[in-house]
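Enquirer: Can you keep this structure in mind? I'll have questions shortly.
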Amino acid sequence: MEGTDLALKQSMDTKTHVRVIYRFVMTGREELTHYVYGGLYLVEKFSKEKLREDKHISTFHLRRLSGQPSINIQELVEKKMAEPSNGTFTVDISAGLEKIPISAINSISNEAQATFFYISHIQYLGKYQLDPPSGCDCVGPCSDSQKCACVMKNGGKIPFRKTGGLIEEKPLIYECGPSCKCPPTCRNRVGQHGISFRLQVFKTTSMGLGVRSLDFIPTGRFVCEYIGELLDNEDAQERDNDEYLFLIGNNYYDVSRWDNLQKTIPSLRNGPGEEEENFFAVDALKCGNLARFINHSCTPNLFTQNVLYDHDNKGMPHIMLFVCEDIQPLEPLAYDYNYTIDGVHDSEGNIKKKRCLCGSVERSGWLY
Ligand SMILES: C[S@@+](CC[C@H](N)C(=O)[O-])C[C@H]1O[C@@H](n2cnc3c(N)ncnc32)[C@H](O)[C@@H]1O
């Protein structure tokens, strides 16, 4: 057996008592089964004796994808460690709220899953007035050539490719929404359709829980929204939570970030004006979706994009995560939290510091 080769070619074979958990191929959409060894894969049922007796033993050809750690299969067999002694697996932490199940695996310890309420839509506190969105009158799917009101708001071009990928990051994107006459299949509706790739929460070795993809996800594709309770600055301060609070202002009000874009296409300066700078945050401490588990990286594979579709309040856009670099199966997802060093304080105003453990060479060493 080629020990450095980790993509199992074969799936369930009842005769040999060997079951392959993943096929590590980019197009693989094999059913996820329950045991994963070392956070990667392995056999569901593996009887050493029977394997020896059985003439129909299947041989695996193992092929490792770039970045996957190696596993010594021979050692596992010798130590009778074919089944993990520790670990928990949850088939769907969203309990059916997402279109596809969000599994969670802890192959490091038997620690219980984090306790929070899984929700799949932003919760707006009653005190915030949401302006109803203005929609387009397009008959059929919107296109760049039509005089579509939403296309105009996006600077004259639908921001998504036909394949669904976002063309480029912008201060704000207007998707078509419930006030538009175009159908749900319109190309200008992406993030609102929710998760479409298989994502998994997993226990990391140093950063608590994280999220990885079980599928290959190409650059530009939508991954998920950061969901939680929407709070204004004042309410956010009162919640003692800097772990799961996404400050909307972090990548939005920084006009210098969009300078080049604004010079080339002035109509794209469609972020909030100064008078609208009432900062908002999405708090996912008590309730949220899987995005609350996505860790920070100084070399991220995701970026956050502000999107409006179901209301017109520029100060509280949806925070949608898109891919900025092709994601391979089992690769952890990460975005840049955009903290400023010495910019995080405790309730007494003292500077808080936290080491960054993302491991990127370019890292500053500090998360904040
Ligand atoms: C939004 S949560 C991410 C999920 C978290 N790992 C968990 O177990 O729930 C943010 C927290 O994760 C940890 N974290 C995320 N990225 C990190 C990094 N690059 N280095 C160190 N800690 C990180 C920090 O404790 C941070 O406050």
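Scheme for the structure tokens: letters A, B, ... for chains in order shown; per-chain residue numbers from 1; ligand numbers from 1 in order shown.
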Around ligand 1, which protein and nucleic acid residues have at least one atom no more than 7 Å from it, if we count only C-alpha atoms and all ligand atoms? List them as a list in words.
Expert: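 The residues near ligand 1 are Met207, Gly208, Leu209, Gly210, Asp242, Glu243, Tyr244, Arg292, Phe293, Ile294, Asn295, His296, Ser297, Lys354, Arg355, Cys356, Leu357, Cys358 and Leu367 of chain A.
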Enquirer: For each of A:Gln192, A:Asn106, A:Ser179, A:Asn301, take the minimum atom-to-atom distance to Ile319 (chain A), counting only C-alpha atoms, then give the residue where this is smallest.
Expert: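 Of the candidates, the smallest distance to Ile319 (chain A) is held by A:Gln192.
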Enquirer: Which residue out of A:Pro329, A:Pro141, A:Gly288, A:Pro159 has the minimum interatomic distance to Thr185 (chain A) when only C-alpha atoms are used?
Expert: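 Using only C-alpha atoms, Thr185 (chain A) sits closest to A:Pro141.
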Enquirer: For CA of Asp240 (chain A) and CA of Leu125 (chain A), quote the distance in Å rounded to one decimal.
Expert: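 Taking CA of Asp240 (chain A) as the start and CA of Leu125 (chain A) as the end point, the length is 17.8 Å.
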Enquirer: What is the CA of Lys181 (chain A)-CA of Cys138 (chain A) distance in Å, reported with one decimal?
Expert: 5.8 Å
Enquirer: Would you mind listing what lies within 7 Å of Tyr309 (chain A) as a count of residues only, with only C-alpha atoms counted and same-chain residues fewer than 6 positions away left out?
Expert: 5
Enquirer: For the interface of region 160-241 of chain A with region 91-102 of chain A (cut-off 9 Å, counting only C-alpha atoms), please tabulate each contacting residue of region 160-241 of chain A alongside its nearest pair of atoms and their separation in Å to one decimal, rows sorted by chain and increasing number, as CSV.
Expert:
```
residue,atom,partner,partner_atom,distance
A:Gly194,CA,A:Glu98,CA,7.5
A:Ile195,CA,A:Lys99,CA,6.9
A:Ser196,CA,A:Ile100,CA,7.1
A:Phe197,CA,A:Ile100,CA,7.8
A:Arg198,CA,A:Ile100,CA,6.9
A:Leu199,CA,A:Ile102,CA,5.8
A:Gln200,CA,A:Ile102,CA,5.6
A:Val201,CA,A:Ile102,CA,7.4
```
Enquirer: Which value, in Å to one decimal, gives the distance between CA of Ala149 (chain A) and CA of Gly126 (chain A)?
Expert: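 For CA of Ala149 (chain A) relative to CA of Gly126 (chain A), the distance reads 29.2 Å.
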